[in-house]
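File shown here: run-v4.txt, holding compact mmCIF, C-alpha atoms.
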# COMPACT_ATOMS: atom_id res chain seq x y z
CA MET A 10 97.72 -16.42 0.46
CA PHE A 11 100.52 -16.59 2.99
CA ASP A 12 102.96 -14.49 0.98
CA PRO A 13 104.41 -11.13 2.10
CA SER A 14 101.60 -9.11 0.53
CA TRP A 15 99.01 -11.23 2.34
CA MET A 16 100.94 -10.81 5.59
CA LYS A 17 100.98 -7.08 5.02
CA ARG A 18 97.20 -7.05 4.69
CA TRP A 19 96.87 -9.10 7.87
CA GLN A 20 99.20 -6.69 9.66
CA GLU A 21 97.01 -3.79 8.60
CA ALA A 22 93.85 -5.62 9.66
CA VAL A 23 95.28 -6.31 13.11
CA ASN A 24 96.76 -2.87 13.61
CA SER A 25 93.62 -1.04 12.56
CA ASN A 26 91.31 -3.18 14.67
CA ARG A 27 89.90 -1.04 17.46
CA PRO A 28 89.18 -3.75 20.08
CA MET A 29 92.72 -5.04 19.59
CA ARG A 30 93.95 -1.81 21.16
CA TRP A 31 92.63 -2.87 24.56
CA ILE A 32 92.50 -6.64 24.14
CA GLY A 33 96.14 -6.69 23.06
CA LYS A 34 97.50 -3.93 25.27
CA HIS A 35 99.98 -6.26 26.96
CA PHE A 36 100.58 -8.68 24.08
CA THR A 37 104.26 -8.41 23.23
CA ALA A 38 105.90 -11.52 21.76
CA LYS A 39 107.80 -12.89 18.79
CA LEU A 40 106.07 -15.78 17.08
CA LEU A 41 106.91 -17.94 14.12
CA LEU A 42 103.93 -18.77 11.92
CA GLY A 43 104.47 -21.64 9.53
CA PHE A 44 102.07 -21.97 6.60
CA GLY A 45 103.35 -25.14 4.96
CA ASP A 46 106.85 -24.38 3.69
CA LYS A 47 106.35 -20.61 4.05
CA GLN A 48 107.37 -19.21 7.41
CA PHE A 49 107.28 -15.76 8.97
CA VAL A 50 108.50 -14.42 12.27
CA VAL A 51 105.96 -11.90 13.53
CA SER A 52 106.76 -9.33 16.21
CA PHE A 53 103.76 -8.27 18.26
CA VAL A 54 104.32 -5.16 20.38
CA ASN A 55 101.47 -4.09 22.64
CA GLY A 56 98.98 -5.86 20.42
CA LYS A 57 100.20 -4.43 17.13
CA ILE A 58 102.24 -6.27 14.54
CA ALA A 59 105.34 -4.10 14.59
CA GLU A 60 107.09 -6.11 11.88
CA PHE A 61 107.31 -9.47 10.20
CA THR A 62 109.96 -11.19 8.15
CA ASP A 63 110.40 -14.28 6.07
CA GLU A 64 114.17 -13.98 6.23
CA ILE A 65 114.75 -16.61 8.85
CA GLY A 66 118.30 -17.57 9.63
CA PRO A 67 120.52 -18.87 12.41
CA GLU A 68 120.20 -15.60 14.34
CA THR A 69 116.42 -15.35 14.15
CA CYS A 70 114.83 -15.64 17.57
CA TYR A 71 111.22 -16.30 18.51
CA GLU A 72 109.39 -17.62 21.52
CA LEU A 73 106.72 -19.86 20.05
CA ALA A 74 106.28 -21.51 16.67
CA VAL A 75 102.85 -22.36 15.31
CA LYS A 76 103.25 -24.53 12.24
CA GLY A 77 100.81 -26.40 10.10
CA PRO A 78 100.21 -27.50 6.56
CA ARG A 79 98.93 -24.86 4.20
CA THR A 80 95.59 -26.67 3.96
CA SER A 81 95.01 -26.29 7.71
CA TRP A 82 95.48 -22.53 7.50
CA GLU A 83 93.39 -22.24 4.36
CA LYS A 84 90.50 -23.89 6.20
CA PHE A 85 91.11 -21.73 9.26
CA CYS A 86 90.89 -18.60 7.11
CA GLN A 87 87.57 -19.46 5.49
CA PRO A 88 84.73 -17.08 6.46
CA VAL A 89 82.98 -20.04 8.08
CA PRO A 90 85.77 -22.47 8.91
CA PRO A 91 84.90 -26.17 9.11
CA PRO A 92 84.88 -28.13 12.39
CA MET A 93 88.30 -28.64 14.00
CA TYR A 94 89.73 -25.70 12.00
CA ASN A 95 87.86 -22.76 13.50
CA ASP A 96 90.26 -21.95 16.33
CA ILE A 97 93.97 -22.14 17.07
CA TRP A 98 93.48 -24.36 20.13
CA ALA A 99 91.10 -26.58 18.17
CA MET A 100 93.82 -27.04 15.56
CA GLY A 101 96.61 -27.34 18.11
CA HIS A 102 94.94 -29.65 20.63
CA PRO A 103 96.83 -32.96 20.81
CA LEU A 104 93.67 -34.83 19.80
CA HIS A 105 93.78 -33.19 16.38
CA GLY A 106 97.21 -31.81 15.54
CA ARG A 107 96.17 -29.64 12.61
CA VAL A 108 98.98 -27.33 13.72
CA THR A 109 101.89 -27.89 16.10
CA LEU A 110 102.82 -25.60 18.95
CA GLU A 111 106.56 -25.59 19.64
CA GLY A 112 108.57 -23.55 22.09
CA ASP A 113 107.36 -21.52 25.06
CA GLN A 114 103.76 -22.64 25.29
CA MET A 115 103.09 -20.17 28.06
CA VAL A 116 103.32 -17.35 25.56
CA MET A 117 100.19 -18.64 23.90
CA TRP A 118 98.28 -19.25 27.11
CA GLN A 119 99.22 -15.89 28.61
CA ASN A 120 98.16 -14.07 25.47
CA MET A 121 95.47 -16.40 24.26
CA ARG A 122 92.73 -13.84 24.02
CA ALA A 123 94.77 -11.30 22.06
CA PHE A 124 96.48 -13.93 19.94
CA THR A 125 93.24 -15.61 18.88
CA TRP A 126 91.69 -12.20 18.23
CA ALA A 127 94.62 -11.30 15.99
CA LEU A 128 94.43 -14.62 14.12
CA ASP A 129 90.70 -14.17 13.57
CA ARG A 130 91.54 -11.05 11.56
CA MET A 131 92.97 -13.39 8.90
CA ARG A 132 89.38 -14.02 7.85
CA GLU A 133 88.93 -10.35 6.98
CA ILE A 134 91.60 -10.10 4.30
CA MET B 12 54.63 -4.40 31.15
CA ALA B 13 57.69 -5.69 32.92
CA LYS B 14 59.59 -8.48 31.19
CA ILE B 15 60.06 -10.99 33.98
CA GLU B 16 61.33 -14.50 33.37
CA PRO B 17 59.71 -17.56 35.01
CA ILE B 18 62.98 -18.65 36.64
CA ILE B 19 63.04 -18.80 40.44
CA GLY B 20 66.33 -19.20 42.32
CA ARG B 21 66.71 -20.78 45.74
CA TYR B 22 69.39 -22.12 48.08
CA ILE B 23 69.33 -25.56 49.63
CA TRP B 24 71.70 -27.13 52.15
CA ILE B 25 72.80 -30.58 51.02
CA PRO B 26 74.42 -32.94 53.53
CA PHE B 27 77.07 -35.10 51.94
CA GLU B 28 79.96 -37.06 53.43
CA GLY B 29 80.07 -35.13 56.70
CA GLU B 30 79.84 -31.69 55.09
CA GLU B 31 76.90 -29.48 54.36
CA TYR B 32 76.93 -27.72 51.00
CA ARG B 33 74.96 -24.57 50.33
CA ILE B 34 73.78 -25.09 46.78
CA TYR B 35 72.08 -22.59 44.55
CA TYR B 36 69.59 -23.78 41.99
CA GLU B 37 67.11 -22.27 39.60
CA GLU B 38 63.90 -23.82 38.45
CA ALA B 39 60.92 -23.20 36.23
CA GLY B 40 57.92 -25.21 35.13
CA GLU B 41 56.00 -28.20 36.35
CA GLY B 42 56.01 -31.87 35.51
CA ILE B 43 58.73 -34.45 35.12
CA PRO B 44 61.87 -33.30 36.98
CA LEU B 45 64.59 -32.41 34.48
CA VAL B 46 67.86 -31.73 36.30
CA CYS B 47 70.41 -29.84 34.19
CA LEU B 48 74.16 -30.09 34.80
CA HIS B 49 76.44 -27.27 33.68
CA THR B 50 79.80 -27.71 31.98
CA ALA B 51 83.20 -27.51 33.67
CA GLY B 52 84.20 -24.25 35.27
CA THR B 53 80.92 -22.45 34.94
CA ASP B 54 77.39 -22.61 36.36
CA GLY B 55 73.70 -23.12 35.79
CA ARG B 56 73.23 -19.89 33.85
CA GLU B 57 74.05 -21.96 30.77
CA TRP B 58 70.52 -23.38 30.96
CA ARG B 59 68.58 -20.13 31.10
CA HIS B 60 67.03 -20.64 27.68
CA GLN B 61 65.71 -24.10 28.45
CA LEU B 62 64.39 -22.92 31.82
CA CYS B 63 62.41 -20.21 30.06
CA ASP B 64 61.15 -22.14 27.05
CA PRO B 65 57.41 -22.88 27.46
CA LYS B 66 57.75 -25.80 25.07
CA ILE B 67 59.96 -27.39 27.72
CA ASN B 68 58.76 -26.07 31.06
CA THR B 69 55.10 -26.81 30.39
CA ASN B 70 55.73 -30.52 30.85
CA PHE B 71 58.98 -30.53 32.78
CA ARG B 72 60.11 -29.05 36.05
CA VAL B 73 63.44 -27.76 34.79
CA ILE B 74 66.08 -27.45 37.52
CA ALA B 75 69.62 -26.13 37.01
CA LEU B 76 72.00 -26.29 39.96
CA ASP B 77 75.40 -24.76 40.55
CA LEU B 78 77.84 -27.36 41.85
CA PRO B 79 79.74 -26.35 45.01
CA ARG B 80 82.47 -23.78 44.08
CA HIS B 81 80.50 -22.75 40.99
CA GLY B 82 78.23 -19.77 40.40
CA LYS B 83 76.40 -18.92 43.62
CA SER B 84 77.20 -22.21 45.38
CA ILE B 85 79.96 -21.55 47.86
CA PRO B 86 82.88 -23.92 48.40
CA PRO B 87 83.18 -25.88 51.64
CA TYR B 88 84.31 -23.52 54.39
CA ASP B 89 87.80 -25.03 54.62
CA TRP B 90 88.57 -24.72 50.91
CA TYR B 91 91.46 -22.30 51.51
CA LYS B 92 93.46 -24.80 53.55
CA GLU B 93 92.79 -28.01 51.69
CA ASN B 94 95.76 -30.34 51.34
CA ASP B 95 95.55 -30.60 47.59
CA GLU B 96 94.33 -28.43 44.76
CA TYR B 97 90.68 -28.83 43.83
CA LYS B 98 89.93 -31.91 41.75
CA LEU B 99 86.39 -32.95 40.97
CA THR B 100 86.01 -36.70 41.34
CA THR B 101 83.36 -39.02 40.00
CA LYS B 102 82.49 -40.05 43.55
CA PHE B 103 81.84 -36.48 44.71
CA TYR B 104 80.10 -35.33 41.54
CA MET B 105 77.71 -38.25 41.43
CA GLY B 106 77.19 -38.24 45.20
CA ILE B 107 76.37 -34.56 45.56
CA LEU B 108 74.01 -34.70 42.57
CA MET B 109 72.06 -37.68 43.87
CA SER B 110 71.90 -36.13 47.36
CA PHE B 111 70.52 -32.97 45.78
CA CYS B 112 67.83 -34.98 43.96
CA ARG B 113 66.90 -36.81 47.17
CA GLU B 114 66.72 -33.63 49.26
CA LEU B 115 64.35 -32.13 46.69
CA ASP B 116 62.38 -35.39 46.74
CA LEU B 117 62.51 -35.66 42.95
CA ASP B 118 60.67 -38.69 41.61
CA LYS B 119 62.73 -40.46 38.95
CA PRO B 120 64.23 -37.33 37.42
CA VAL B 121 65.69 -36.99 33.98
CA ILE B 122 69.32 -35.90 34.16
CA MET B 123 70.54 -33.73 31.32
CA GLY B 124 74.23 -32.88 31.50
CA SER B 125 76.60 -31.26 29.10
CA SER B 126 80.32 -31.95 28.70
CA MET B 127 81.43 -33.14 32.15
CA GLY B 128 77.74 -33.37 33.00
CA GLY B 129 77.26 -35.52 29.92
CA ASN B 130 80.15 -37.75 30.88
CA LEU B 131 78.66 -38.15 34.34
CA CYS B 132 75.60 -39.71 32.74
CA LEU B 133 77.58 -42.89 32.08
CA HIS B 134 78.40 -43.23 35.76
CA LEU B 135 74.80 -42.48 36.71
CA ALA B 136 73.66 -45.26 34.39
CA GLU B 137 76.08 -47.61 36.11
CA HIS B 138 75.16 -46.78 39.70
CA HIS B 139 71.69 -45.20 39.77
CA GLU B 140 69.72 -46.63 36.86
CA ASN B 141 66.70 -47.47 39.03
CA GLU B 142 66.39 -43.95 40.41
CA LEU B 143 66.41 -42.18 37.04
CA ARG B 144 63.91 -41.89 34.21
CA ALA B 145 66.34 -41.09 31.39
CA LEU B 146 69.73 -39.55 30.74
CA ILE B 147 70.52 -36.90 28.16
CA ALA B 148 74.27 -36.93 27.69
CA ILE B 149 75.29 -33.84 25.72
CA GLU B 150 78.81 -33.63 24.29
CA ALA B 151 79.65 -36.87 26.08
CA CYS B 152 81.79 -39.91 25.43
CA GLU B 153 83.50 -42.62 27.44
CA TYR B 154 86.92 -40.90 27.49
CA SER B 155 87.82 -37.27 26.77
CA PRO B 156 91.54 -36.68 27.36
CA GLY B 157 93.75 -33.65 27.04
CA TRP B 158 92.15 -30.91 29.10
CA HIS B 159 93.56 -31.23 32.63
CA LEU B 160 96.20 -28.54 32.06
CA ASP B 161 98.13 -26.34 34.49
CA TRP B 162 97.77 -23.40 32.09
CA LEU B 163 94.17 -23.15 33.24
CA SER B 164 95.23 -22.45 36.81
CA HIS B 165 98.55 -20.62 36.78
CA ALA B 166 99.74 -17.58 38.68
CA HIS B 167 101.29 -16.09 35.55
CA ILE B 168 98.17 -16.46 33.43
CA HIS B 169 94.88 -14.57 33.66
CA GLY B 170 92.57 -17.41 34.59
CA GLY B 171 89.31 -15.80 33.59
CA GLU B 172 90.34 -14.64 30.14
CA THR B 173 92.32 -17.75 29.34
CA CYS B 174 89.76 -20.30 30.54
CA ALA B 175 87.10 -18.46 28.57
CA THR B 176 89.17 -18.14 25.42
CA SER B 177 90.30 -21.75 25.56
CA VAL B 178 86.68 -22.87 25.17
CA PHE B 179 85.56 -20.23 22.67
CA GLY B 180 86.62 -22.32 19.69
CA LEU B 181 84.48 -25.19 20.96
CA MET B 182 81.50 -23.18 19.77
CA ALA B 183 80.35 -23.15 16.17
CA PRO B 184 80.98 -20.05 14.06
CA GLN B 185 77.33 -20.25 13.01
CA SER B 186 76.16 -19.73 16.59
CA PRO B 187 75.08 -16.16 17.30
CA ASP B 188 77.86 -13.91 18.56
CA LYS B 189 75.70 -12.62 21.39
CA TYR B 190 75.33 -16.11 22.84
CA ARG B 191 78.91 -17.19 22.19
CA TRP B 192 80.26 -14.16 23.99
CA GLU B 193 77.75 -14.61 26.80
CA THR B 194 79.16 -18.11 27.26
CA TRP B 195 82.68 -16.65 27.20
CA TRP B 196 81.54 -14.26 29.92
CA TYR B 197 80.31 -17.11 32.15
CA TYR B 198 83.64 -18.84 31.74
CA SER B 199 85.58 -15.70 32.64
CA GLN B 200 83.86 -15.69 36.04
CA GLY B 201 84.88 -19.08 37.39
CA GLY B 202 86.75 -19.29 40.68
CA PRO B 203 90.52 -19.83 40.57
CA GLY B 204 91.42 -23.41 39.74
CA VAL B 205 87.80 -24.51 39.40
CA PHE B 206 87.82 -25.07 35.64
CA LYS B 207 91.05 -27.04 35.83
CA GLY B 208 89.77 -28.97 38.83
CA ASP B 209 86.59 -29.90 36.99
CA LEU B 210 88.67 -31.03 34.05
CA TYR B 211 90.33 -33.55 36.33
CA PHE B 212 87.01 -35.35 36.25
CA TYR B 213 86.46 -34.64 32.55
CA SER B 214 89.83 -35.87 31.29
CA VAL B 215 91.28 -38.07 34.04
CA ASP B 216 88.84 -39.54 36.56
CA HIS B 217 86.16 -40.13 33.95
CA ASP B 218 87.58 -43.03 31.99
CA PHE B 219 84.72 -45.31 31.16
CA ARG B 220 86.56 -47.36 28.55
CA GLY B 221 85.76 -51.03 28.94
CA LYS B 222 82.64 -50.31 30.97
CA THR B 223 80.29 -48.73 28.46
CA GLU B 224 79.29 -52.05 26.95
CA THR B 225 78.51 -53.45 30.41
CA LEU B 226 75.72 -50.93 31.14
CA SER B 227 72.40 -52.73 31.43
CA GLY B 228 70.39 -50.38 29.24
CA ASN B 229 67.64 -50.18 31.86
CA VAL B 230 67.80 -46.39 31.71
CA PRO B 231 67.80 -44.89 28.21
CA ILE B 232 70.66 -42.62 27.23
CA TYR B 233 70.28 -39.96 24.57
CA TYR B 234 73.65 -38.75 23.31
CA MET B 235 73.71 -35.36 21.62
CA THR B 236 76.91 -33.88 20.21
CA GLY B 237 77.60 -30.84 18.05
CA VAL B 238 79.85 -31.11 15.02
CA TYR B 239 82.12 -28.27 16.17
CA ASP B 240 83.01 -29.96 19.44
CA PHE B 241 86.74 -30.60 19.27
CA ALA B 242 86.95 -31.90 22.85
CA CYS B 243 84.37 -34.62 22.34
CA THR B 244 84.00 -35.03 18.61
CA PRO B 245 80.96 -36.58 16.95
CA GLU B 246 83.09 -39.63 16.22
CA MET B 247 83.97 -40.02 19.90
CA THR B 248 80.30 -39.84 20.87
CA GLU B 249 79.25 -42.22 18.11
CA GLU B 250 81.83 -44.78 19.21
CA THR B 251 80.52 -44.61 22.76
CA ALA B 252 76.89 -44.75 21.68
CA LYS B 253 77.51 -47.84 19.56
CA LYS B 254 78.57 -49.66 22.72
CA THR B 255 75.65 -48.38 24.83
CA LYS B 256 72.52 -50.49 25.04
CA ASN B 257 69.20 -48.63 24.78
CA SER B 258 70.83 -45.47 23.52
CA GLU B 259 70.29 -43.02 20.70
CA CYS B 260 72.94 -40.82 19.15
CA ILE B 261 72.06 -37.43 17.72
CA ILE B 262 74.73 -35.43 15.92
CA MET B 263 73.82 -31.76 15.77
CA GLU B 264 74.84 -29.67 12.77
CA GLU B 265 76.22 -26.13 12.99
CA ILE B 266 76.62 -26.20 16.74
CA GLY B 267 79.43 -26.93 19.19
CA HIS B 268 80.22 -27.98 22.74
CA PHE B 269 77.77 -25.62 24.48
CA PRO B 270 74.59 -26.17 22.50
CA MET B 271 72.15 -25.10 25.21
CA CYS B 272 73.65 -21.64 25.54
CA GLU B 273 75.64 -21.00 22.33
CA ASN B 274 72.61 -21.55 20.09
CA PRO B 275 69.51 -22.37 22.13
CA GLU B 276 67.09 -22.12 19.21
CA VAL B 277 68.96 -24.77 17.22
CA PHE B 278 69.58 -26.94 20.27
CA ASN B 279 65.99 -26.87 21.49
CA ASN B 280 64.85 -28.11 18.09
CA TYR B 281 67.02 -31.17 18.62
CA LEU B 282 66.04 -31.51 22.27
CA LEU B 283 62.25 -31.31 22.01
CA PRO B 284 61.81 -34.65 20.18
CA VAL B 285 63.97 -36.29 22.84
CA LEU B 286 61.81 -34.85 25.59
CA ASP B 287 58.69 -36.02 23.74
CA LYS B 288 60.06 -39.56 23.69
CA ILE B 289 60.82 -39.42 27.39
CA ARG B 290 57.31 -38.18 28.14
CA ALA B 291 55.80 -40.95 26.04
CA SER B 292 57.81 -43.72 27.66
For the structure just supplied, provide its representation as structure tokens.
Amino acid sequence: MFDPSWMKRWQEAVNSNRPMRWIGKHFTAKLLLGFGDKQFVVSFVNGKIAEFTDEIGPETCYELAVKGPRTSWEKFCQPVPPPMYNDIWAMGHPLHGRVTLEGDQMVMWQNMRAFTWALDRMREI
Amino acid sequence: MAKIEPIIGRYIWIPFEGEEYRIYYEEAGEGIPLVCLHTAGTDGREWRHQLCDPKINTNFRVIALDLPRHGKSIPPYDWYKENDEYKLTTKFYMGILMSFCRELDLDKPVIMGSSMGGNLCLHLAEHHENELRALIAIEACEYSPGWHLDWLSHAHIHGGETCATSVFGLMAPQSPDKYRWETWWYYSQGGPGVFKGDLYFYSVDHDFRGKTETLSGNVPIYYMTGVYDFACTPEMTEETAKKTKNSECIIMEEIGHFPMCENPEVFNNYLLPVLDKIRAS
């Protein structure tokens, strides 16, 4: 999990998802997803994952970083995730802190429906 | 044969603090008044399953109201020129509810509230214990911080979709999709700023810390919380219940913050024994 081949399968799951075509129509953003010590910058363009990279350097730009320990994401990806791990806002809420949200928080709130829909596809791969 | 539900909806004008509020409520059944309080930012539709359940409405007159600004209850006429953004306060919430009960001439009703309605139960126990038969505080605790957020009422953010999605994860993955997405739908229909304004009560004005242990216990409180509730976790409810005299704490498996509407079958199985106890008391 959480290696480039897994990311590729997630990309395909998101991009082939029919409802994502209308739910994500206006979802364009660059996000950093941190799974423990493995990080990817993911470019969403109109609800599709146009590209992702794990080559992150001083010139890599993104708007929002969502980082958490690998165990948090593993629980999130279970077919029936346990309490407090079933949703990005559940994990990111300050009461729990299973993941951290850093950067332009508005990106998440503006695109919350499409973003959570895309993340839910992680349970299909 | 037509499939018609037993729910009847009506409007009532409630005088309160110099205003008159046109409040919509639905009811079904006969017996002990059971007044149901919806969660923040939505309305009484959340209780449709309990209103219709003959195991409940045979012995209880189930009543679900929409607070002013919610559902079919209009805001006060001057809402558009108020000096401050909408913020639900304990004083207003408790006052309008008790006025509603008095106008309907309800005799020692049971109040069953969820989330902010559950939190209100603590204040009702403090101020109105002699007027109430019992309190069912669902997804409730003495302090529930972290939800009064500008993101929920922001010109650059789609309020309906974002408010609804922000609460979706509060529901358990085991709950049926049809009911979870129905709840999402209710949330998408709240008026602008109403969810955030309600959460002022939920996360700010409702701070019962230091007072829970002072409640007399004259009115029983039944706490009921689902394990998937990340706003008011089972631990938060249990801590509050431990301090509450004459209370019972029920932790509900495989259900979340909206038990009555996200999984009514599971919730009603937890609720019916509570109602039996109230009837027997």
Enumerate as number ranges by chain the residues belonging to chain B that approach chain A to within 10 Å, with only C-alpha atoms taken into account. B: 155-158, 162-163, 165, 167-170, 172-185, 237-244, 265-267
Around the point (73.1, -45.5, 22.5), in the coordinates given by the file, pick out the residues reaching within 10 Å, counting only C-alpha atoms, and return them as a list of chain:residue names.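 Result, sorted by chain then residue number: B:Thr223, B:Gly228, B:Pro231, B:Ile232, B:Tyr233, B:Tyr234, B:Thr248, B:Glu249, B:Glu250, B:Thr251, B:Ala252, B:Lys253, B:Lys254, B:Thr255, B:Lys256, B:Asn257, B:Ser258, B:Glu259, B:Cys260, B:Ile261.
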Which residues come within 10 Å of B:Leu108, counting only C-alpha atoms, excluding same-chain residues fewer than 6 positions away, as a PyMOL selection string? chain B and resi 25+27+46+48+76+78+114+122+135
Considering only C-alpha atoms, return as a list in words whatever protein or nucleic-acid residues lie within 10 Å of B:Ile74, sequence-local ones (same chain, fewer than 3 positions apart) excluded.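 In the requested form, the answer reads Ile18, Ile19, Gly20, Tyr36, Glu37, Glu38, Ala39, Gly40, Pro44, Leu45, Val46, Cys47, Leu48, Gly55, Trp58, Gln61, Leu62, Asn68, Phe71, Ile122 and Met123 of chain B.
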Find the spatial neighbours of A:Asn26, counting only C-alpha atoms, within a cut-off of 12 Å - ignore same-chain residues fewer than 3 positions away - and output them as number ranges by chain. A: 19-23, 29-33, 56-58, 123, 126-131, 133
I'd like the interatomic distance between atom CA of B:Ala151 and atom CA of B:Met235, to a tenth of an Å.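 Between atom CA of B:Ala151 and atom CA of B:Met235 the gap is 7.6 Å.
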Within 10 Å of B:Phe219, counting only C-alpha atoms, which residues qualify if same-chain residues fewer than 3 places away don't, as a PyMOL selection string? chain B and resi 130-131+133-134+152-155+216+222-224+251
Just the number, please: distance in Å from atom CA of B:Tyr88 to atom CA of B:Gly208, one decimal. 17.4 Å
